[in-house]
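Engineer: Just one file: work07.csv, with CSV, C-alpha atoms.
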chain,number,residue,atom,x,y,z
W,1,MET,CA,21.5,-57.3,-47.8
W,2,LYS,CA,18.3,-57.5,-49.8
W,3,VAL,CA,15.8,-60.2,-49.2
W,4,LEU,CA,12.7,-61.7,-50.7
W,5,VAL,CA,10.3,-63.2,-48.2
W,6,ASP,CA,7.0,-65.0,-48.4
W,7,LEU,CA,5.2,-64.6,-45.2
W,8,SER,CA,2.1,-66.5,-44.0
W,9,ILE,CA,0.8,-65.5,-40.6
W,10,VAL,CA,-1.7,-67.6,-38.7
W,11,PRO,CA,-3.2,-66.2,-35.4
W,12,LEU,CA,-4.2,-69.0,-33.0
W,13,GLY,CA,-6.9,-68.9,-30.4
W,14,VAL,CA,-9.2,-66.5,-32.2
W,15,GLY,CA,-11.4,-68.8,-34.2
W,16,VAL,CA,-11.3,-69.7,-37.9
W,17,SER,CA,-11.8,-66.3,-39.5
W,18,LEU,CA,-8.4,-64.9,-39.9
W,19,SER,CA,-8.6,-62.4,-42.7
W,20,SER,CA,-9.1,-59.3,-40.5
W,21,TYR,CA,-5.8,-60.2,-38.8
W,22,VAL,CA,-4.0,-60.7,-42.1
W,23,ALA,CA,-5.3,-57.3,-43.2
W,24,VAL,CA,-3.8,-55.7,-40.2
W,25,CYS,CA,-0.4,-57.3,-41.0
W,26,GLU,CA,-0.7,-56.1,-44.6
W,27,LYS,CA,-1.1,-52.6,-43.3
W,28,VAL,CA,1.9,-53.0,-41.0
W,29,LEU,CA,4.0,-54.1,-44.0
W,30,LYS,CA,2.8,-51.3,-46.2
W,31,ASP,CA,3.3,-48.7,-43.5
W,32,ALA,CA,6.9,-50.0,-43.2
W,33,GLY,CA,7.4,-48.9,-46.9
W,34,LEU,CA,8.0,-52.4,-48.1
W,35,LYS,CA,7.0,-53.7,-51.5
W,36,THR,CA,4.4,-56.4,-51.0
W,37,ALA,CA,2.2,-58.7,-53.1
W,38,LEU,CA,-0.7,-60.5,-51.5
W,39,HIS,CA,-1.6,-64.0,-52.6
W,40,ALA,CA,-4.1,-66.6,-51.4
W,41,TYR,CA,-1.6,-68.2,-49.0
W,42,GLY,CA,0.6,-65.3,-47.8
W,43,THR,CA,2.4,-62.2,-48.9
W,44,ASN,CA,5.5,-61.7,-50.9
W,45,ILE,CA,7.8,-59.0,-49.4
W,46,GLU,CA,10.8,-57.3,-50.9
W,47,GLY,CA,13.2,-55.1,-49.1
W,48,GLU,CA,16.4,-54.7,-47.0
W,49,TRP,CA,16.8,-57.5,-44.5
W,50,ASP,CA,16.5,-55.4,-41.3
W,51,ALA,CA,13.5,-53.5,-42.5
W,52,VAL,CA,11.7,-56.7,-43.6
W,53,PHE,CA,12.3,-58.5,-40.3
W,54,ALA,CA,11.5,-55.5,-38.2
W,55,ALA,CA,8.1,-55.4,-40.0
W,56,VAL,CA,7.5,-59.1,-39.4
W,57,LYS,CA,8.3,-58.6,-35.7
W,58,CYS,CA,5.8,-55.7,-35.7
W,59,CYS,CA,3.1,-58.0,-37.2
W,60,HIS,CA,3.5,-60.4,-34.3
W,61,GLU,CA,3.5,-57.6,-31.7
W,62,VAL,CA,0.4,-55.9,-33.3
W,63,LEU,CA,-1.5,-59.1,-33.3
W,64,HIS,CA,-0.7,-59.8,-29.7
W,65,GLY,CA,-1.7,-56.3,-28.9
W,66,MET,CA,-5.1,-57.1,-30.5
W,67,GLY,CA,-5.5,-59.9,-28.0
W,68,VAL,CA,-4.2,-62.8,-30.1
W,69,PRO,CA,-2.6,-65.2,-27.6
W,70,ARG,CA,-0.5,-67.2,-30.1
W,71,VAL,CA,0.9,-66.4,-33.5
W,72,SER,CA,2.3,-69.0,-35.9
W,73,ALA,CA,4.0,-67.8,-39.0
W,74,THR,CA,5.8,-69.5,-41.9
W,75,LEU,CA,8.4,-67.7,-43.9
W,76,ARG,CA,10.4,-68.5,-47.1
W,77,VAL,CA,13.4,-66.4,-47.1
W,78,GLY,CA,15.7,-65.9,-50.1
W,79,THR,CA,19.0,-63.9,-50.5
W,80,ARG,CA,21.4,-64.0,-53.4
W,81,VAL,CA,24.6,-62.2,-54.1
W,82,ASP,CA,25.1,-63.3,-57.8
W,83,ARG,CA,22.6,-60.7,-59.1
W,84,GLU,CA,19.7,-58.4,-58.3
W,85,GLN,CA,16.2,-60.0,-58.5
W,86,SER,CA,12.9,-58.4,-57.7
W,87,LEU,CA,9.6,-60.1,-57.0
W,88,GLU,CA,8.4,-59.2,-60.5
W,89,ASP,CA,11.6,-60.6,-62.0
W,90,LYS,CA,10.9,-64.0,-60.4
W,91,VAL,CA,7.4,-64.2,-61.8
W,92,ARG,CA,8.4,-62.9,-65.2
W,93,SER,CA,11.3,-65.4,-65.4
W,94,VAL,CA,8.9,-68.3,-64.9
W,95,GLU,CA,6.2,-67.0,-67.2
W,96,GLU,CA,8.7,-66.5,-70.1
W,97,LYS,CA,9.8,-70.1,-69.8
W,98,MET,CA,6.1,-71.2,-70.0
W,99,LYS,CA,5.6,-69.7,-73.5
C,1,MET,CA,9.5,-61.1,-27.0
C,2,LYS,CA,10.5,-64.7,-26.9
C,3,VAL,CA,10.3,-66.8,-30.0
C,4,LEU,CA,10.5,-70.4,-31.0
C,5,VAL,CA,11.8,-70.9,-34.6
C,6,ASP,CA,12.3,-73.9,-36.8
C,7,LEU,CA,14.9,-73.0,-39.4
C,8,SER,CA,15.8,-75.0,-42.5
C,9,ILE,CA,18.6,-73.4,-44.7
C,10,VAL,CA,19.2,-74.6,-48.2
C,11,PRO,CA,22.3,-73.2,-50.1
C,12,LEU,CA,21.8,-73.1,-53.8
C,13,GLY,CA,24.4,-73.3,-56.5
C,14,VAL,CA,26.8,-75.5,-54.6
C,15,GLY,CA,25.7,-79.0,-55.5
C,16,VAL,CA,23.7,-81.5,-53.6
C,17,SER,CA,25.9,-82.0,-50.5
C,18,LEU,CA,24.7,-79.4,-48.1
C,19,SER,CA,25.6,-80.8,-44.6
C,20,SER,CA,28.9,-78.8,-44.3
C,21,TYR,CA,26.9,-75.6,-44.9
C,22,VAL,CA,24.3,-76.6,-42.4
C,23,ALA,CA,27.0,-77.4,-39.9
C,24,VAL,CA,28.4,-73.9,-40.3
C,25,CYS,CA,25.0,-72.4,-39.5
C,26,GLU,CA,24.7,-74.6,-36.4
C,27,LYS,CA,27.9,-73.1,-35.2
C,28,VAL,CA,26.7,-69.6,-35.9
C,29,LEU,CA,23.5,-70.3,-33.9
C,30,LYS,CA,25.5,-71.8,-31.0
C,31,ASP,CA,28.0,-69.0,-31.0
C,32,ALA,CA,25.1,-66.6,-30.6
C,33,GLY,CA,24.2,-68.3,-27.4
C,34,LEU,CA,20.9,-69.6,-28.6
C,35,LYS,CA,19.3,-72.9,-27.5
C,36,THR,CA,19.1,-75.2,-30.5
C,37,ALA,CA,18.0,-78.7,-31.3
C,38,LEU,CA,19.1,-80.2,-34.7
C,39,HIS,CA,16.7,-82.6,-36.5
C,40,ALA,CA,16.7,-84.2,-39.9
C,41,TYR,CA,15.0,-81.3,-41.6
C,42,GLY,CA,16.2,-78.2,-39.8
C,43,THR,CA,17.0,-76.8,-36.4
C,44,ASN,CA,14.7,-75.7,-33.5
C,45,ILE,CA,15.8,-72.4,-32.0
C,46,GLU,CA,14.6,-70.8,-28.8
C,47,GLY,CA,15.5,-67.2,-27.8
C,48,GLU,CA,14.7,-63.6,-27.8
C,49,TRP,CA,13.3,-62.4,-31.1
C,50,ASP,CA,16.1,-59.9,-31.9
C,51,ALA,CA,18.9,-62.4,-31.0
C,52,VAL,CA,17.3,-65.2,-33.0
C,53,PHE,CA,16.8,-63.2,-36.2
C,54,ALA,CA,20.3,-61.6,-35.9
C,55,ALA,CA,21.7,-65.1,-35.9
C,56,VAL,CA,19.5,-66.2,-38.9
C,57,LYS,CA,20.8,-63.1,-40.8
C,58,CYS,CA,24.3,-64.1,-39.8
C,59,CYS,CA,23.8,-67.6,-41.3
C,60,HIS,CA,22.9,-66.1,-44.6
C,61,GLU,CA,25.9,-63.7,-44.5
C,62,VAL,CA,28.3,-66.4,-43.5
C,63,LEU,CA,27.1,-68.7,-46.3
C,64,HIS,CA,27.4,-66.0,-48.9
C,65,GLY,CA,30.9,-65.2,-47.5
C,66,MET,CA,31.8,-68.9,-48.2
C,67,GLY,CA,30.9,-68.4,-51.8
C,68,VAL,CA,27.3,-69.6,-51.8
C,69,PRO,CA,25.5,-67.5,-54.5
C,70,ARG,CA,22.0,-68.1,-53.3
C,71,VAL,CA,20.4,-69.1,-50.0
C,72,SER,CA,16.9,-70.3,-49.6
C,73,ALA,CA,15.5,-70.7,-46.0
C,74,THR,CA,12.2,-71.7,-44.6
C,75,LEU,CA,11.2,-70.7,-41.1
C,76,ARG,CA,8.3,-71.6,-38.8
C,77,VAL,CA,8.0,-68.8,-36.2
C,78,GLY,CA,5.9,-69.0,-33.1
C,79,THR,CA,5.2,-66.4,-30.4
C,80,ARG,CA,2.7,-66.6,-27.6
C,81,VAL,CA,1.8,-64.2,-24.8
C,82,ASP,CA,-0.6,-66.5,-22.9
C,83,ARG,CA,2.2,-68.5,-21.2
C,84,GLU,CA,5.9,-69.4,-21.3
C,85,GLN,CA,6.8,-72.4,-23.4
C,86,SER,CA,10.2,-73.9,-24.2
C,87,LEU,CA,11.2,-76.3,-26.9
C,88,GLU,CA,11.2,-79.1,-24.4
C,89,ASP,CA,7.8,-78.2,-23.2
C,90,LYS,CA,6.4,-78.6,-26.7
C,91,VAL,CA,7.8,-82.0,-27.2
C,92,ARG,CA,6.9,-83.2,-23.7
C,93,SER,CA,3.4,-81.9,-24.1
C,94,VAL,CA,2.8,-84.1,-27.2
C,95,GLU,CA,4.5,-87.1,-25.7
C,96,GLU,CA,2.4,-87.0,-22.6
C,97,LYS,CA,-0.8,-87.1,-24.7
C,98,MET,CA,0.5,-90.1,-26.6
C,99,LYS,CA,0.7,-92.3,-23.5
K,1,MET,CA,9.9,-93.0,-54.8
K,2,LYS,CA,11.2,-92.5,-51.3
K,3,VAL,CA,10.5,-89.2,-49.5
K,4,LEU,CA,11.6,-87.4,-46.4
K,5,VAL,CA,9.0,-85.1,-45.0
K,6,ASP,CA,8.9,-82.6,-42.2
K,7,LEU,CA,5.3,-82.1,-41.2
K,8,SER,CA,3.8,-79.4,-38.9
K,9,ILE,CA,0.1,-79.6,-38.4
K,10,VAL,CA,-1.9,-76.7,-36.8
K,11,PRO,CA,-5.6,-77.2,-36.1
K,12,LEU,CA,-7.5,-73.9,-36.2
K,13,GLY,CA,-10.6,-73.0,-34.3
K,14,VAL,CA,-9.9,-75.2,-31.3
K,15,GLY,CA,-8.0,-72.7,-29.0
K,16,VAL,CA,-4.3,-72.5,-28.3
K,17,SER,CA,-3.6,-76.0,-26.8
K,18,LEU,CA,-2.8,-78.1,-29.8
K,19,SER,CA,-0.7,-80.9,-28.3
K,20,SER,CA,-3.5,-83.4,-28.0
K,21,TYR,CA,-4.3,-83.0,-31.7
K,22,VAL,CA,-0.6,-83.4,-32.6
K,23,ALA,CA,-0.5,-86.5,-30.5
K,24,VAL,CA,-3.4,-88.0,-32.5
K,25,CYS,CA,-1.5,-87.3,-35.7
K,26,GLU,CA,1.6,-89.0,-34.3
K,27,LYS,CA,-0.5,-92.0,-33.8
K,28,VAL,CA,-1.9,-91.9,-37.3
K,29,LEU,CA,1.7,-91.8,-38.7
K,30,LYS,CA,2.9,-94.6,-36.5
K,31,ASP,CA,-0.1,-96.8,-37.3
K,32,ALA,CA,0.7,-96.3,-41.0
K,33,GLY,CA,4.1,-98.0,-40.3
K,34,LEU,CA,6.1,-94.9,-41.1
K,35,LYS,CA,9.4,-94.0,-39.5
K,36,THR,CA,8.9,-90.8,-37.6
K,37,ALA,CA,10.9,-88.5,-35.3
K,38,LEU,CA,9.0,-85.9,-33.3
K,39,HIS,CA,10.7,-82.5,-32.6
K,40,ALA,CA,9.5,-79.3,-31.1
K,41,TYR,CA,8.1,-77.9,-34.3
K,42,GLY,CA,6.9,-80.9,-36.2
K,43,THR,CA,7.6,-84.4,-37.2
K,44,ASN,CA,10.2,-85.9,-39.5
K,45,ILE,CA,8.7,-88.7,-41.6
K,46,GLU,CA,10.5,-91.2,-43.8
K,47,GLY,CA,8.8,-93.6,-46.3
K,48,GLU,CA,7.5,-94.2,-49.7
K,49,TRP,CA,5.7,-91.2,-51.3
K,50,ASP,CA,2.3,-92.7,-51.5
K,51,ALA,CA,2.3,-94.1,-48.0
K,52,VAL,CA,3.5,-90.9,-46.5
K,53,PHE,CA,1.0,-88.7,-48.2
K,54,ALA,CA,-1.9,-91.1,-47.5
K,55,ALA,CA,-1.0,-90.8,-43.9
K,56,VAL,CA,-0.8,-87.0,-44.1
K,57,LYS,CA,-4.3,-87.0,-45.6
K,58,CYS,CA,-5.5,-89.2,-42.9
K,59,CYS,CA,-4.2,-86.7,-40.3
K,60,HIS,CA,-6.4,-84.0,-41.8
K,61,GLU,CA,-9.4,-86.3,-42.0
K,62,VAL,CA,-9.0,-87.6,-38.4
K,63,LEU,CA,-8.7,-84.0,-37.1
K,64,HIS,CA,-11.8,-82.9,-38.9
K,65,GLY,CA,-13.5,-86.0,-37.6
K,66,MET,CA,-12.6,-84.8,-34.1
K,67,GLY,CA,-14.5,-81.6,-34.8
K,68,VAL,CA,-11.6,-79.4,-36.0
K,69,PRO,CA,-13.1,-77.0,-38.5
K,70,ARG,CA,-9.9,-76.0,-40.2
K,71,VAL,CA,-6.4,-77.6,-40.5
K,72,SER,CA,-3.3,-75.7,-41.6
K,73,ALA,CA,-0.2,-77.7,-42.3
K,74,THR,CA,3.3,-76.9,-43.5
K,75,LEU,CA,5.5,-79.6,-45.1
K,76,ARG,CA,9.1,-79.7,-46.2
K,77,VAL,CA,9.4,-82.5,-48.8
K,78,GLY,CA,12.6,-83.9,-50.1
K,79,THR,CA,13.3,-86.5,-52.8
K,80,ARG,CA,16.6,-87.5,-54.3
K,81,VAL,CA,17.7,-90.0,-56.9
K,82,ASP,CA,21.5,-89.6,-56.5
K,83,ARG,CA,21.6,-91.8,-53.4
K,84,GLU,CA,19.7,-93.2,-50.5
K,85,GLN,CA,19.5,-91.1,-47.4
K,86,SER,CA,17.6,-91.7,-44.2
K,87,LEU,CA,16.5,-89.3,-41.5
K,88,GLU,CA,19.4,-90.5,-39.3
K,89,ASP,CA,21.9,-90.0,-42.2
K,90,LYS,CA,20.9,-86.4,-42.5
K,91,VAL,CA,21.5,-85.6,-38.8
K,92,ARG,CA,24.7,-87.7,-38.7
K,93,SER,CA,26.0,-85.9,-41.7
K,94,VAL,CA,25.7,-82.5,-40.1
K,95,GLU,CA,27.0,-83.6,-36.7
K,96,GLU,CA,30.1,-85.1,-38.3
K,97,LYS,CA,30.9,-81.8,-39.9
K,98,MET,CA,30.5,-80.0,-36.6
K,99,LYS,CA,33.3,-81.9,-34.9
T,1,MET,CA,-11.8,-83.4,-49.5
T,2,LYS,CA,-10.9,-80.1,-51.1
T,3,VAL,CA,-7.5,-78.6,-50.4
T,4,LEU,CA,-5.7,-75.3,-50.9
T,5,VAL,CA,-2.0,-75.7,-51.3
T,6,ASP,CA,0.9,-73.3,-51.7
T,7,LEU,CA,3.8,-75.1,-53.3
T,8,SER,CA,7.4,-73.9,-53.7
T,9,ILE,CA,9.7,-76.3,-55.5
T,10,VAL,CA,13.5,-75.9,-55.3
T,11,PRO,CA,15.6,-78.2,-57.6
T,12,LEU,CA,19.1,-78.8,-56.0
T,13,GLY,CA,22.3,-79.6,-57.9
T,14,VAL,CA,21.4,-77.7,-61.1
T,15,GLY,CA,22.8,-74.3,-60.3
T,16,VAL,CA,21.0,-71.1,-59.3
T,17,SER,CA,18.7,-70.5,-62.3
T,18,LEU,CA,15.6,-72.4,-61.4
T,19,SER,CA,12.8,-70.7,-63.4
T,20,SER,CA,12.8,-73.3,-66.3
T,21,TYR,CA,12.2,-76.1,-63.7
T,22,VAL,CA,9.5,-74.1,-62.1
T,23,ALA,CA,7.9,-73.5,-65.5
T,24,VAL,CA,7.8,-77.3,-66.1
T,25,CYS,CA,6.1,-77.8,-62.8
T,26,GLU,CA,3.5,-75.1,-63.7
T,27,LYS,CA,2.8,-77.1,-66.8
T,28,VAL,CA,2.4,-80.3,-64.9
T,29,LEU,CA,-0.1,-78.6,-62.5
T,30,LYS,CA,-2.1,-77.1,-65.4
T,31,ASP,CA,-2.1,-80.4,-67.4
T,32,ALA,CA,-3.6,-82.0,-64.2
T,33,GLY,CA,-6.5,-79.6,-64.6
T,34,LEU,CA,-5.9,-77.9,-61.3
T,35,LYS,CA,-6.6,-74.2,-60.6
T,36,THR,CA,-3.3,-72.5,-60.0
T,37,ALA,CA,-2.0,-69.0,-59.3
T,38,LEU,CA,1.7,-68.3,-59.7
T,39,HIS,CA,3.4,-65.8,-57.4
T,40,ALA,CA,7.0,-64.8,-56.8
T,41,TYR,CA,7.6,-67.5,-54.2
T,42,GLY,CA,5.5,-70.4,-55.3
T,43,THR,CA,2.2,-71.4,-56.7
T,44,ASN,CA,-1.3,-71.5,-55.1
T,45,ILE,CA,-3.2,-74.7,-56.0
T,46,GLU,CA,-6.9,-75.5,-55.5
T,47,GLY,CA,-8.4,-78.9,-56.0
T,48,GLU,CA,-9.4,-82.3,-54.6
T,49,TRP,CA,-6.7,-83.7,-52.3
T,50,ASP,CA,-5.8,-86.8,-54.3
T,51,ALA,CA,-5.6,-84.8,-57.6
T,52,VAL,CA,-3.4,-82.1,-56.0
T,53,PHE,CA,-1.0,-84.5,-54.4
T,54,ALA,CA,-0.7,-86.7,-57.5
T,55,ALA,CA,0.3,-83.6,-59.4
T,56,VAL,CA,2.9,-82.6,-56.7
T,57,LYS,CA,4.4,-86.1,-56.9
T,58,CYS,CA,4.4,-85.8,-60.7
T,59,CYS,CA,6.4,-82.5,-60.4
T,60,HIS,CA,9.1,-84.3,-58.4
T,61,GLU,CA,9.2,-87.2,-60.9
T,62,VAL,CA,9.4,-85.0,-63.9
T,63,LEU,CA,12.2,-82.9,-62.4
T,64,HIS,CA,14.2,-86.1,-61.6
T,65,GLY,CA,13.5,-87.3,-65.1
T,66,MET,CA,15.1,-84.1,-66.4
T,67,GLY,CA,18.2,-85.0,-64.4
T,68,VAL,CA,17.6,-83.1,-61.2
T,69,PRO,CA,19.3,-85.1,-58.5
T,70,ARG,CA,17.5,-83.6,-55.5
T,71,VAL,CA,14.3,-81.8,-55.2
T,72,SER,CA,13.3,-79.8,-52.1
T,73,ALA,CA,9.7,-78.5,-51.8
T,74,THR,CA,7.8,-76.6,-49.2
T,75,LEU,CA,4.0,-76.8,-49.0
T,76,ARG,CA,1.4,-75.0,-47.0
T,77,VAL,CA,-1.7,-77.2,-46.9
T,78,GLY,CA,-5.2,-76.1,-45.8
T,79,THR,CA,-8.4,-78.0,-45.4
T,80,ARG,CA,-11.6,-76.8,-43.8
T,81,VAL,CA,-15.0,-78.4,-43.3
T,82,ASP,CA,-16.9,-75.4,-41.9
T,83,ARG,CA,-17.4,-73.8,-45.4
T,84,GLU,CA,-16.2,-73.7,-49.0
T,85,GLN,CA,-13.4,-71.3,-49.7
T,86,SER,CA,-11.6,-70.7,-53.0
T,87,LEU,CA,-8.2,-69.1,-53.6
T,88,GLU,CA,-10.0,-66.0,-54.8
T,89,ASP,CA,-12.2,-66.0,-51.7
T,90,LYS,CA,-9.1,-65.9,-49.5
T,91,VAL,CA,-7.6,-62.9,-51.3
T,92,ARG,CA,-10.9,-61.0,-51.5
T,93,SER,CA,-11.6,-61.6,-47.9
T,94,VAL,CA,-8.3,-59.9,-46.9
T,95,GLU,CA,-8.6,-57.1,-49.4
T,96,GLU,CA,-12.1,-56.2,-48.2
T,97,LYS,CA,-10.8,-55.8,-44.6
T,98,MET,CA,-8.1,-53.5,-45.8
T,99,LYS,CA,-10.5,-50.9,-47.2
Please lay out the structure from this file as structure tokens.
Structural biologist:
Amino acid sequence: MKVLVDLSIVPLGVGVSLSSYVAVCEKVLKDAGLKTALHAYGTNIEGEWDAVFAAVKCCHEVLHGMGVPRVSATLRVGTRVDREQSLEDKVRSVEEKMK
Amino acid sequence: MKVLVDLSIVPLGVGVSLSSYVAVCEKVLKDAGLKTALHAYGTNIEGEWDAVFAAVKCCHEVLHGMGVPRVSATLRVGTRVDREQSLEDKVRSVEEKMK
Amino acid sequence: MKVLVDLSIVPLGVGVSLSSYVAVCEKVLKDAGLKTALHAYGTNIEGEWDAVFAAVKCCHEVLHGMGVPRVSATLRVGTRVDREQSLEDKVRSVEEKMK
Amino acid sequence: MKVLVDLSIVPLGVGVSLSSYVAVCEKVLKDAGLKTALHAYGTNIEGEWDAVFAAVKCCHEVLHGMGVPRVSATLRVGTRVDREQSLEDKVRSVEEKMK
């Protein structure tokens, strides 16, 4: 089952500068071979369900391994069986309607 | 790794009455042996990471099997390594501060 | 326009013990006269749109006033015009389907 | 108070093709003079708190005016008082750490 996810990871207990932790998670997702697109409030991820969620778990584990005591993430998770849809399809579909 | 999740599942393409679909997901989570607490906007879930996310995947699969073409979920996901914390601990901790 | 909201507020830069901050927000919401229901991962809120979002803004302002440098919140926001629905209706509706 | 928001709006009861509704909301946000950035799972918004949330309310109202019976949105909401930060700052900050 393919899934599109929007992931926002917030490490807690390490102050207010979080970008270095987010960068590590970006690397984890890329190393997992997933298609990703970074935005100002999270990362779009496209892939097979098991691969995507294994990578999300890995993000939590890697952050804890770096000494982060608490990790809070929010995910939007979309699956559909009526047709294939990529991350680019979703953006293009909206942009075409805006013309 | 233990995880606390707040899951809100929205089936798309099946009209505006969603409670029967949510009830099916509640059953999936309970059958998986997970501790859950239903609220008006989702379900708190407590368990081991792999068991929790296997059950979330199962929710998506069961809904699609019921004919739902598209499933949109939002999850809050929390892990911590500084100490154990249950769903009840979190609520109690806030309530004590409100006295 | 009536709205049902699920609010989860995470103060950043103040360590990992967040319950006292959440308790302050609970008080802000109650003082605003809103119907609320606390759960382990947030607070359900029911009210008129403007009143609810004024209270959410107040939560951010009060936390910053307490010295919190950064506040990250996630909200689920639902409006419907087909019929009235309260927080209790939503829970009851699912529980009836589970019998 | 400035705020950065990530908004994902899901109209319910209108089938599975949602992009035309999302496009209308994009127009509402732009007409409100807000800085926005569309991604595959929502829209980043930057602006003053009151202007941003007035526009979000307007999105709900416009969708209901188009005949959408039920609207479900998820928002990530960030405020900070330690320093100014734009949408571009957030992305750049992560990208620099990834080099």
Engineer: Using all atoms listed in the file, which of K:Ala51, K:Val77, K:Leu63, K:Leu29 sits nearest chain C?
Structural biologist: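 Looking at the shortest contact to chain C, the residue is K:Val77.
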Engineer: List the neighbours of range 35-47 of chain W out to 6 Å using all atoms listed in the file; skip same-chain residues closer than 3 positions along the sequence, and give me the result as a list of chain:residue names.
Structural biologist: W:Lys2, W:Val3, W:Leu4, W:Val5, W:Asp6, W:Leu7, W:Ser8, W:Val52, T:Leu87, T:Lys90, T:Val91
Engineer: Counting all atoms listed in the file, which residue out of K:Pro11, K:Val16, K:Val24, K:Glu88 sits closest to chain T?
Structural biologist: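 Smallest separation from chain T among the options: K:Pro11.
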Engineer: Could you tell me how far CA of Ile9 in chain T sits from CA of Arg92 in chain T, in Å to one decimal place?
Structural biologist: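 Computing it gives 26.0 Å between the two atoms.
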Engineer: If the cut-off is 12 Å, can you tell me the residues of chain W near chain K, counting all atoms listed in the file? I'd like them as number ranges by chain.
Structural biologist: W: 8-18, 41, 68-76
Engineer: Which distance in Å separates CA of Gly33 in chain C and CA of Asp50 in chain W, to one decimal?
Structural biologist: 20.5 Å
Engineer: Between CA of Cys59 in chain W and CA of Met98 in chain T, what distance in Å does the model show, to one decimal?
Structural biologist: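 Separation between CA of Cys59 in chain W and CA of Met98 in chain T: 14.8 Å.
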Engineer: Report as a PDB file with C-alpha atoms, keeping the file's coordinate frame all protein, DNA and RNA residues lying within 7 Å of Ser19 in chain C, evaluated on only C-alpha atoms, omitting residues in the same chain fewer than 3 positions from it.
Structural biologist:
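Once everything was written out, this is selection23.pdb:
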ATOM      1  CA  VAL C  22      24.300 -76.600 -42.400  1.00  0.00           C
ATOM      2  CA  ALA C  23      27.000 -77.400 -39.900  1.00  0.00           C
TER       3      ALA C  23
ATOM      4  CA  SER K  93      26.000 -85.900 -41.700  1.00  0.00           C
ATOM      5  CA  VAL K  94      25.700 -82.500 -40.100  1.00  0.00           C
TER       6      VAL K  94
END
Engineer: Taking all listed atoms of range 22-27 of chain K, build the axis-aligned box, pad each of the six sides by 4 Å, then write its centre and edge lengths in Å to one decimal as JSON.
Structural biologist:
{"center_x": -0.9, "center_y": -87.7, "center_z": -33.1, "size_x": 13.0, "size_y": 16.6, "size_z": 13.2}
Engineer: Hey, which of W:Cys25, W:Arg80, W:Glu48, W:Met1 ends up closest to Lys97 in chain T? Count only C-alpha atoms.
Structural biologist: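 Once distances to Lys97 in chain T are computed over only C-alpha atoms, the minimum belongs to W:Cys25.
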